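Visitor: What follows is the file my_file18.cif, containing mmCIF, N, CA and C atoms:
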data_input
#
loop_
_atom_site.label_atom_id
_atom_site.label_comp_id
_atom_site.auth_asym_id
_atom_site.auth_seq_id
_atom_site.Cartn_x
_atom_site.Cartn_y
_atom_site.Cartn_z
N MET A 9 -20.60 10.62 -10.18
CA MET A 9 -19.57 9.65 -9.80
C MET A 9 -18.71 9.35 -11.02
N SER A 10 -17.40 9.34 -10.85
CA SER A 10 -16.48 9.10 -11.95
C SER A 10 -16.32 7.60 -12.21
N SER A 11 -15.59 7.29 -13.26
CA SER A 11 -15.30 5.89 -13.53
C SER A 11 -14.29 5.34 -12.52
N PHE A 12 -13.60 6.22 -11.81
CA PHE A 12 -12.68 5.80 -10.76
C PHE A 12 -13.37 5.97 -9.41
N ASP A 13 -14.42 5.19 -9.19
CA ASP A 13 -15.21 5.36 -7.97
C ASP A 13 -14.63 4.63 -6.77
N LYS A 14 -13.68 3.72 -7.00
CA LYS A 14 -13.01 3.01 -5.89
C LYS A 14 -11.52 2.98 -6.18
N ILE A 15 -10.79 3.80 -5.44
CA ILE A 15 -9.35 3.94 -5.64
C ILE A 15 -8.64 3.20 -4.50
N LEU A 16 -7.68 2.36 -4.88
CA LEU A 16 -6.86 1.65 -3.90
C LEU A 16 -5.47 2.24 -3.93
N VAL A 17 -4.95 2.65 -2.78
CA VAL A 17 -3.60 3.20 -2.71
C VAL A 17 -2.76 2.33 -1.80
N THR A 18 -1.53 2.05 -2.25
CA THR A 18 -0.62 1.22 -1.48
C THR A 18 0.28 2.10 -0.62
N ILE A 19 0.55 1.61 0.58
CA ILE A 19 1.34 2.37 1.54
C ILE A 19 2.40 1.45 2.12
N ASP A 20 3.64 1.95 2.22
CA ASP A 20 4.69 1.14 2.83
C ASP A 20 5.60 1.95 3.75
N ASN A 21 5.17 3.13 4.13
CA ASN A 21 5.90 3.98 5.07
C ASN A 21 7.08 4.72 4.46
N SER A 22 7.32 4.55 3.16
CA SER A 22 8.40 5.30 2.53
C SER A 22 7.89 6.69 2.17
N THR A 23 8.82 7.61 1.97
CA THR A 23 8.45 8.97 1.59
C THR A 23 7.66 8.97 0.29
N ASN A 24 8.11 8.19 -0.69
CA ASN A 24 7.41 8.20 -1.96
C ASN A 24 6.04 7.55 -1.87
N SER A 25 5.90 6.57 -1.02
CA SER A 25 4.59 5.98 -0.79
C SER A 25 3.64 7.03 -0.23
N LEU A 26 4.13 7.84 0.67
CA LEU A 26 3.28 8.88 1.25
C LEU A 26 2.94 9.96 0.22
N ASN A 27 3.83 10.19 -0.75
CA ASN A 27 3.51 11.10 -1.86
C ASN A 27 2.35 10.53 -2.68
N ALA A 28 2.38 9.22 -2.91
CA ALA A 28 1.31 8.57 -3.66
C ALA A 28 -0.01 8.65 -2.88
N VAL A 29 0.08 8.54 -1.57
CA VAL A 29 -1.12 8.66 -0.73
C VAL A 29 -1.73 10.05 -0.88
N LYS A 30 -0.89 11.08 -0.86
CA LYS A 30 -1.40 12.44 -1.03
C LYS A 30 -2.14 12.58 -2.36
N LYS A 31 -1.57 12.02 -3.42
CA LYS A 31 -2.20 12.08 -4.74
C LYS A 31 -3.52 11.32 -4.72
N ALA A 32 -3.56 10.16 -4.08
CA ALA A 32 -4.79 9.36 -4.02
C ALA A 32 -5.88 10.08 -3.22
N PHE A 33 -5.52 10.71 -2.11
CA PHE A 33 -6.50 11.47 -1.33
C PHE A 33 -7.05 12.63 -2.16
N GLN A 34 -6.17 13.30 -2.89
CA GLN A 34 -6.60 14.40 -3.75
C GLN A 34 -7.58 13.90 -4.81
N LEU A 35 -7.23 12.81 -5.48
CA LEU A 35 -8.12 12.25 -6.50
C LEU A 35 -9.47 11.84 -5.91
N ALA A 36 -9.42 11.13 -4.79
CA ALA A 36 -10.66 10.67 -4.17
C ALA A 36 -11.54 11.85 -3.77
N SER A 37 -10.94 12.91 -3.26
CA SER A 37 -11.70 14.11 -2.89
C SER A 37 -12.35 14.75 -4.11
N GLU A 38 -11.55 14.91 -5.17
CA GLU A 38 -12.05 15.57 -6.38
C GLU A 38 -13.13 14.74 -7.09
N LEU A 39 -12.97 13.42 -7.07
CA LEU A 39 -13.87 12.55 -7.82
C LEU A 39 -15.02 11.99 -6.99
N GLY A 40 -14.99 12.19 -5.68
CA GLY A 40 -16.02 11.62 -4.81
C GLY A 40 -15.91 10.11 -4.70
N SER A 41 -14.68 9.62 -4.75
CA SER A 41 -14.42 8.18 -4.75
C SER A 41 -14.26 7.63 -3.34
N THR A 42 -14.53 6.34 -3.19
CA THR A 42 -14.17 5.61 -1.98
C THR A 42 -12.70 5.27 -2.11
N LEU A 43 -11.97 5.41 -1.01
CA LEU A 43 -10.53 5.16 -1.03
C LEU A 43 -10.20 3.96 -0.17
N GLY A 44 -9.47 3.02 -0.74
CA GLY A 44 -8.96 1.88 0.01
C GLY A 44 -7.49 2.09 0.31
N LEU A 45 -7.10 1.96 1.56
CA LEU A 45 -5.72 2.09 1.98
C LEU A 45 -5.18 0.70 2.27
N VAL A 46 -4.10 0.31 1.62
CA VAL A 46 -3.54 -1.02 1.85
C VAL A 46 -2.08 -0.93 2.25
N TYR A 47 -1.76 -1.56 3.37
CA TYR A 47 -0.38 -1.70 3.85
C TYR A 47 -0.14 -3.19 3.98
N VAL A 48 0.71 -3.73 3.11
CA VAL A 48 1.00 -5.17 3.15
C VAL A 48 2.15 -5.40 4.12
N ILE A 49 1.92 -6.26 5.08
CA ILE A 49 2.95 -6.63 6.05
C ILE A 49 3.79 -7.73 5.39
N LYS A 50 5.04 -7.38 5.08
CA LYS A 50 5.94 -8.30 4.37
C LYS A 50 6.56 -9.29 5.35
N GLU A 51 6.97 -10.43 4.79
CA GLU A 51 7.53 -11.50 5.61
C GLU A 51 8.65 -11.03 6.52
N GLU A 52 9.55 -10.19 6.01
CA GLU A 52 10.67 -9.76 6.85
C GLU A 52 10.23 -8.92 8.05
N GLU A 53 9.02 -8.36 7.99
CA GLU A 53 8.50 -7.57 9.09
C GLU A 53 7.98 -8.44 10.24
N TYR A 54 7.70 -9.71 9.95
CA TYR A 54 7.13 -10.55 11.01
C TYR A 54 7.93 -11.82 11.29
N MET A 55 9.15 -11.90 10.77
CA MET A 55 9.97 -13.07 11.04
C MET A 55 10.54 -13.05 12.46
N GLY A 56 10.68 -11.86 13.01
CA GLY A 56 11.23 -11.75 14.36
C GLY A 56 12.73 -11.87 14.35
N ASN A 57 13.31 -11.84 15.55
CA ASN A 57 14.74 -11.99 15.73
C ASN A 57 14.93 -12.76 17.03
N ILE A 58 15.01 -14.06 16.89
CA ILE A 58 15.08 -14.93 18.07
C ILE A 58 16.30 -14.59 18.93
N ASP A 59 17.43 -14.24 18.29
CA ASP A 59 18.64 -13.87 19.04
C ASP A 59 18.39 -12.65 19.93
N ALA A 60 17.50 -11.76 19.50
CA ALA A 60 17.19 -10.56 20.28
C ALA A 60 15.97 -10.78 21.17
N GLY A 61 15.44 -11.99 21.16
CA GLY A 61 14.29 -12.31 22.00
C GLY A 61 12.95 -11.89 21.41
N ILE A 62 12.92 -11.59 20.12
CA ILE A 62 11.66 -11.20 19.46
C ILE A 62 11.15 -12.40 18.66
N MET A 63 10.08 -12.99 19.15
CA MET A 63 9.52 -14.17 18.51
C MET A 63 8.64 -13.74 17.33
N PRO A 64 8.51 -14.61 16.32
CA PRO A 64 7.72 -14.26 15.13
C PRO A 64 6.30 -13.79 15.43
N ASP A 65 5.62 -14.42 16.39
CA ASP A 65 4.24 -13.99 16.67
C ASP A 65 4.20 -12.57 17.24
N GLN A 66 5.20 -12.23 18.08
CA GLN A 66 5.26 -10.87 18.61
C GLN A 66 5.65 -9.88 17.52
N ALA A 67 6.57 -10.28 16.65
CA ALA A 67 6.98 -9.40 15.54
C ALA A 67 5.79 -9.13 14.63
N LEU A 68 4.96 -10.14 14.38
CA LEU A 68 3.77 -9.95 13.53
C LEU A 68 2.79 -9.00 14.20
N LYS A 69 2.57 -9.17 15.50
CA LYS A 69 1.67 -8.25 16.22
C LYS A 69 2.19 -6.82 16.16
N ASN A 70 3.49 -6.65 16.32
CA ASN A 70 4.09 -5.32 16.25
C ASN A 70 3.92 -4.71 14.86
N ALA A 71 4.15 -5.50 13.82
CA ALA A 71 4.01 -5.02 12.44
C ALA A 71 2.55 -4.66 12.14
N GLU A 72 1.62 -5.49 12.61
CA GLU A 72 0.19 -5.20 12.40
C GLU A 72 -0.21 -3.91 13.10
N LYS A 73 0.26 -3.73 14.33
CA LYS A 73 -0.07 -2.53 15.09
C LYS A 73 0.49 -1.30 14.40
N LYS A 74 1.74 -1.37 13.93
CA LYS A 74 2.38 -0.26 13.22
C LYS A 74 1.57 0.11 11.97
N ALA A 75 1.15 -0.90 11.22
CA ALA A 75 0.37 -0.67 9.99
C ALA A 75 -0.98 -0.04 10.32
N GLN A 76 -1.65 -0.56 11.33
CA GLN A 76 -2.97 -0.04 11.70
C GLN A 76 -2.89 1.40 12.19
N ILE A 77 -1.85 1.73 12.94
CA ILE A 77 -1.68 3.10 13.42
C ILE A 77 -1.44 4.05 12.24
N LEU A 78 -0.59 3.64 11.30
CA LEU A 78 -0.33 4.48 10.14
C LEU A 78 -1.62 4.73 9.35
N LEU A 79 -2.40 3.67 9.09
CA LEU A 79 -3.64 3.83 8.33
C LEU A 79 -4.65 4.68 9.09
N LYS A 80 -4.73 4.48 10.40
CA LYS A 80 -5.65 5.26 11.22
C LYS A 80 -5.29 6.75 11.17
N ASN A 81 -3.99 7.05 11.29
CA ASN A 81 -3.54 8.44 11.25
C ASN A 81 -3.83 9.09 9.90
N LEU A 82 -3.64 8.34 8.83
CA LEU A 82 -3.94 8.88 7.50
C LEU A 82 -5.44 9.13 7.36
N ALA A 83 -6.25 8.18 7.82
CA ALA A 83 -7.71 8.31 7.72
C ALA A 83 -8.21 9.51 8.52
N GLU A 84 -7.63 9.75 9.69
CA GLU A 84 -8.08 10.86 10.54
C GLU A 84 -7.81 12.22 9.89
N LYS A 85 -6.84 12.28 8.99
CA LYS A 85 -6.52 13.54 8.31
C LYS A 85 -7.55 13.87 7.23
N HIS A 86 -8.37 12.90 6.88
CA HIS A 86 -9.36 13.08 5.80
C HIS A 86 -10.71 12.51 6.24
N PRO A 87 -11.32 13.09 7.27
CA PRO A 87 -12.54 12.52 7.84
C PRO A 87 -13.76 12.55 6.90
N LYS A 88 -13.71 13.37 5.86
CA LYS A 88 -14.87 13.46 4.97
C LYS A 88 -14.88 12.38 3.90
N LEU A 89 -13.75 11.69 3.72
CA LEU A 89 -13.67 10.66 2.69
C LEU A 89 -14.19 9.33 3.21
N GLN A 90 -14.80 8.57 2.32
CA GLN A 90 -15.20 7.21 2.66
C GLN A 90 -13.97 6.32 2.45
N LEU A 91 -13.52 5.68 3.54
CA LEU A 91 -12.28 4.91 3.52
C LEU A 91 -12.49 3.47 3.97
N GLU A 92 -11.70 2.58 3.38
CA GLU A 92 -11.59 1.22 3.87
C GLU A 92 -10.11 0.94 4.05
N LYS A 93 -9.75 0.20 5.10
CA LYS A 93 -8.35 -0.06 5.41
C LYS A 93 -8.07 -1.56 5.35
N PHE A 94 -6.91 -1.91 4.79
CA PHE A 94 -6.51 -3.30 4.65
C PHE A 94 -5.06 -3.46 5.12
N THR A 95 -4.81 -4.48 5.94
CA THR A 95 -3.45 -4.77 6.39
C THR A 95 -3.17 -6.27 6.25
N PRO A 96 -3.10 -6.77 5.02
CA PRO A 96 -2.83 -8.20 4.83
C PRO A 96 -1.36 -8.51 5.11
N THR A 97 -1.07 -9.78 5.29
CA THR A 97 0.29 -10.25 5.49
C THR A 97 0.65 -11.14 4.31
N GLY A 98 1.82 -10.91 3.74
CA GLY A 98 2.25 -11.77 2.64
C GLY A 98 3.10 -11.05 1.61
N ASN A 99 2.97 -11.52 0.38
CA ASN A 99 3.72 -11.00 -0.76
C ASN A 99 3.04 -9.74 -1.27
N PRO A 100 3.70 -8.57 -1.19
CA PRO A 100 3.02 -7.32 -1.54
C PRO A 100 2.31 -7.29 -2.90
N PRO A 101 2.97 -7.66 -4.01
CA PRO A 101 2.24 -7.56 -5.28
C PRO A 101 1.00 -8.45 -5.32
N LYS A 102 1.12 -9.65 -4.83
CA LYS A 102 -0.03 -10.58 -4.84
C LYS A 102 -1.16 -10.07 -3.95
N GLU A 103 -0.81 -9.56 -2.78
CA GLU A 103 -1.83 -9.06 -1.85
C GLU A 103 -2.51 -7.81 -2.41
N ILE A 104 -1.73 -6.93 -3.03
CA ILE A 104 -2.30 -5.71 -3.61
C ILE A 104 -3.30 -6.07 -4.70
N LEU A 105 -2.92 -6.98 -5.59
CA LEU A 105 -3.81 -7.38 -6.68
C LEU A 105 -5.05 -8.09 -6.16
N SER A 106 -4.89 -8.91 -5.14
CA SER A 106 -6.03 -9.62 -4.55
C SER A 106 -7.00 -8.63 -3.90
N ILE A 107 -6.48 -7.69 -3.14
CA ILE A 107 -7.34 -6.71 -2.49
C ILE A 107 -8.02 -5.82 -3.53
N ALA A 108 -7.28 -5.44 -4.56
CA ALA A 108 -7.88 -4.63 -5.63
C ALA A 108 -9.09 -5.34 -6.22
N GLU A 109 -8.96 -6.63 -6.44
CA GLU A 109 -10.08 -7.40 -7.00
C GLU A 109 -11.24 -7.51 -6.01
N ASN A 110 -10.95 -7.84 -4.77
CA ASN A 110 -12.01 -8.00 -3.75
C ASN A 110 -12.68 -6.67 -3.40
N PHE A 111 -11.92 -5.59 -3.40
CA PHE A 111 -12.41 -4.25 -3.10
C PHE A 111 -13.18 -3.68 -4.30
N LYS A 112 -12.99 -4.33 -5.45
CA LYS A 112 -13.58 -3.87 -6.72
C LYS A 112 -13.04 -2.49 -7.10
N ALA A 113 -11.72 -2.34 -6.89
CA ALA A 113 -11.06 -1.08 -7.22
C ALA A 113 -11.15 -0.81 -8.72
N THR A 114 -11.24 0.45 -9.07
CA THR A 114 -11.24 0.86 -10.47
C THR A 114 -9.94 1.57 -10.84
N LEU A 115 -9.08 1.82 -9.83
CA LEU A 115 -7.78 2.43 -10.04
C LEU A 115 -6.89 2.07 -8.85
N ILE A 116 -5.63 1.75 -9.15
CA ILE A 116 -4.62 1.53 -8.11
C ILE A 116 -3.63 2.68 -8.21
N VAL A 117 -3.32 3.30 -7.07
CA VAL A 117 -2.31 4.37 -7.02
C VAL A 117 -1.17 3.88 -6.15
N MET A 118 0.06 3.99 -6.67
CA MET A 118 1.21 3.56 -5.89
C MET A 118 2.45 4.35 -6.28
N GLY A 119 3.36 4.44 -5.35
CA GLY A 119 4.63 5.10 -5.60
C GLY A 119 5.68 4.09 -5.98
N THR A 120 6.81 4.59 -6.43
CA THR A 120 7.95 3.72 -6.71
C THR A 120 9.12 4.21 -5.87
N HIS A 121 10.08 3.34 -5.70
CA HIS A 121 11.26 3.68 -4.91
C HIS A 121 12.39 4.21 -5.79
N GLY A 122 12.21 4.14 -7.09
CA GLY A 122 13.21 4.68 -8.00
C GLY A 122 14.46 3.84 -8.10
N ARG A 123 14.36 2.55 -7.78
CA ARG A 123 15.54 1.69 -7.88
C ARG A 123 15.83 1.42 -9.36
N THR A 124 17.12 1.37 -9.68
CA THR A 124 17.53 1.06 -11.03
C THR A 124 18.68 0.07 -10.98
N GLY A 125 19.04 -0.43 -12.12
CA GLY A 125 20.22 -1.28 -12.24
C GLY A 125 20.16 -2.53 -11.39
N VAL A 126 21.28 -2.83 -10.72
CA VAL A 126 21.41 -4.06 -9.95
C VAL A 126 20.40 -4.13 -8.81
N LYS A 127 20.18 -3.02 -8.11
CA LYS A 127 19.20 -3.03 -7.01
C LYS A 127 17.83 -3.44 -7.52
N HIS A 128 17.45 -2.91 -8.70
CA HIS A 128 16.14 -3.26 -9.27
C HIS A 128 16.11 -4.74 -9.63
N LEU A 129 17.18 -5.24 -10.22
CA LEU A 129 17.22 -6.65 -10.60
C LEU A 129 17.17 -7.57 -9.39
N LEU A 130 17.89 -7.22 -8.33
CA LEU A 130 17.95 -8.07 -7.15
C LEU A 130 16.68 -7.99 -6.31
N MET A 131 16.09 -6.81 -6.22
CA MET A 131 14.96 -6.61 -5.34
C MET A 131 13.62 -6.67 -6.06
N GLY A 132 13.65 -6.56 -7.38
CA GLY A 132 12.40 -6.54 -8.12
C GLY A 132 11.66 -5.25 -7.86
N SER A 133 10.46 -5.17 -8.37
CA SER A 133 9.68 -3.96 -8.17
C SER A 133 8.23 -4.34 -7.96
N VAL A 134 7.72 -3.97 -6.80
CA VAL A 134 6.31 -4.23 -6.51
C VAL A 134 5.45 -3.50 -7.53
N ALA A 135 5.78 -2.23 -7.79
CA ALA A 135 4.99 -1.45 -8.75
C ALA A 135 5.01 -2.10 -10.13
N GLU A 136 6.17 -2.54 -10.57
CA GLU A 136 6.27 -3.16 -11.89
C GLU A 136 5.41 -4.42 -11.96
N HIS A 137 5.47 -5.25 -10.93
CA HIS A 137 4.65 -6.47 -10.90
C HIS A 137 3.16 -6.14 -10.95
N VAL A 138 2.76 -5.15 -10.18
CA VAL A 138 1.34 -4.77 -10.16
C VAL A 138 0.92 -4.24 -11.53
N VAL A 139 1.74 -3.36 -12.12
CA VAL A 139 1.41 -2.81 -13.44
C VAL A 139 1.26 -3.93 -14.47
N ARG A 140 2.18 -4.87 -14.46
CA ARG A 140 2.15 -5.95 -15.45
C ARG A 140 0.98 -6.91 -15.27
N ASN A 141 0.48 -7.04 -14.06
CA ASN A 141 -0.54 -8.06 -13.79
C ASN A 141 -1.91 -7.51 -13.44
N SER A 142 -2.06 -6.21 -13.35
CA SER A 142 -3.34 -5.62 -12.98
C SER A 142 -4.32 -5.65 -14.15
N LYS A 143 -5.57 -5.87 -13.80
CA LYS A 143 -6.64 -5.84 -14.79
C LYS A 143 -7.28 -4.46 -14.87
N ILE A 144 -6.84 -3.55 -14.00
CA ILE A 144 -7.38 -2.19 -13.96
C ILE A 144 -6.24 -1.19 -14.10
N PRO A 145 -6.54 0.07 -14.39
CA PRO A 145 -5.47 1.07 -14.51
C PRO A 145 -4.68 1.24 -13.21
N VAL A 146 -3.39 1.50 -13.38
CA VAL A 146 -2.49 1.74 -12.25
C VAL A 146 -1.82 3.09 -12.47
N MET A 147 -1.93 3.97 -11.48
CA MET A 147 -1.25 5.26 -11.54
C MET A 147 0.01 5.16 -10.69
N ILE A 148 1.14 5.41 -11.34
CA ILE A 148 2.43 5.37 -10.63
C ILE A 148 2.85 6.82 -10.34
N VAL A 149 3.06 7.11 -9.07
CA VAL A 149 3.58 8.41 -8.67
C VAL A 149 5.09 8.24 -8.64
N PRO A 150 5.81 8.93 -9.52
CA PRO A 150 7.24 8.68 -9.66
C PRO A 150 8.04 9.04 -8.42
N TYR A 151 9.19 8.42 -8.33
CA TYR A 151 10.13 8.66 -7.25
C TYR A 151 10.51 10.14 -7.23
N SER A 152 10.55 10.69 -6.04
CA SER A 152 11.04 12.06 -5.90
C SER A 152 11.95 12.11 -4.69
N SER A 153 13.10 12.73 -4.86
CA SER A 153 14.07 12.76 -3.76
C SER A 153 13.89 13.97 -2.89
#
Rewrite the structure of this file - the entire thing - as structure tokens.

Guide:
Amino acid sequence: MSSFDKILVTIDNSTNSLNAVKKAFQLASELGSTLGLVYVIKEEEYMGNIDAGIMPDQALKNAEKKAQILLKNLAEKHPKLQLEKFTPTGNPPKEILSIAENFKATLIVMGTHGRTGVKHLLMGSVAEHVVRNSKIPVMIVPYSS
């Protein structure tokens, strides 16, 4: 068993997030690690749109279902790996760090969106926040177009 026996990978349905997932599955396979899959349901995903008749509780159920289906599909592609799935609701960096601690992760793997300049300043960076505040190593899979 390696020192990275519990790997947590973040997923957000972006192409680069899925690249990070591939890297995490590869690492977990090679190292014999348990893999934690985390998809944080962000506030904007469950606020709903009252004008369109989508109430917040229904929007949250839809977002949870979407996250669970994505994690289930990823897990089914790797049936030999020991997996745990997490779909918390809230602030992504805080939820990722909290789950990493509770899961007792020894490595966090995540992708970046490659935002720079004004977009980065306005939107911040989940990966940057996690890297700055994590007590364990974080592997960043760089943006690829």

Visitor: For the structure provided, state which residues fall under the PyMOL selection byres ((chain A and resi 45) around 8), and present them as a list in words.

Guide: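 On the file shown, the PyMOL selection byres ((chain A and resi 45) around 8) covers Ile15, Leu16, Val17, Thr18, Ile19, Thr42, Leu43, Gly44, Val46, Tyr47, Val48, Leu79, Leu91, Glu92, Lys93, Phe94 and Thr95 of chain A.
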
Visitor: For each of A:Gln34, A:Asn81, A:Asn99, A:Asn21, take the minimum atom-to-atom distance to Val134 (chain A), counting only C-alpha atoms, then give the residue where this is smallest.

Guide: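 Checking each candidate against Val134 (chain A), we get A:Asn99 as the closest.
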
Visitor: So, counting only C-alpha atoms, which residue among A:Met63, A:Ile49, A:Leu89, A:Ala28 is closest to Gln76 (chain A)?

Guide: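 That would be A:Ile49, the residue with the smallest distance to Gln76 (chain A).
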
Visitor: Taking only C-alpha atoms into account, name the residue in A:Leu35, A:Val146, A:Leu26, A:Ile77 that is nearest to Thr114 (chain A).

Guide: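 Closest residue, counting only C-alpha atoms: A:Val146.
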
Visitor: Kindly indicate which residue among A:Lys112, A:Lys31, A:Lys88, A:Lys102 lies nearest to His137 (chain A), using only N, CA and C atoms for the distances.

Guide: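 Smallest separation from His137 (chain A) among the options: A:Lys102.
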
Visitor: So how many Å separate atom C of Leu115 (chain A) and CA of Ser133 (chain A), to one decimal?

Guide: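 According to the coordinates, atom C of Leu115 (chain A) and CA of Ser133 (chain A) are separated by 17.6 Å.
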
Visitor: Would you mind telling me which residue in A:Asn110, A:Ile116, A:Pro100, A:Gln66 lies nearest to Lys14 (chain A) when using all atoms listed in the file?

Guide: A:Ile116
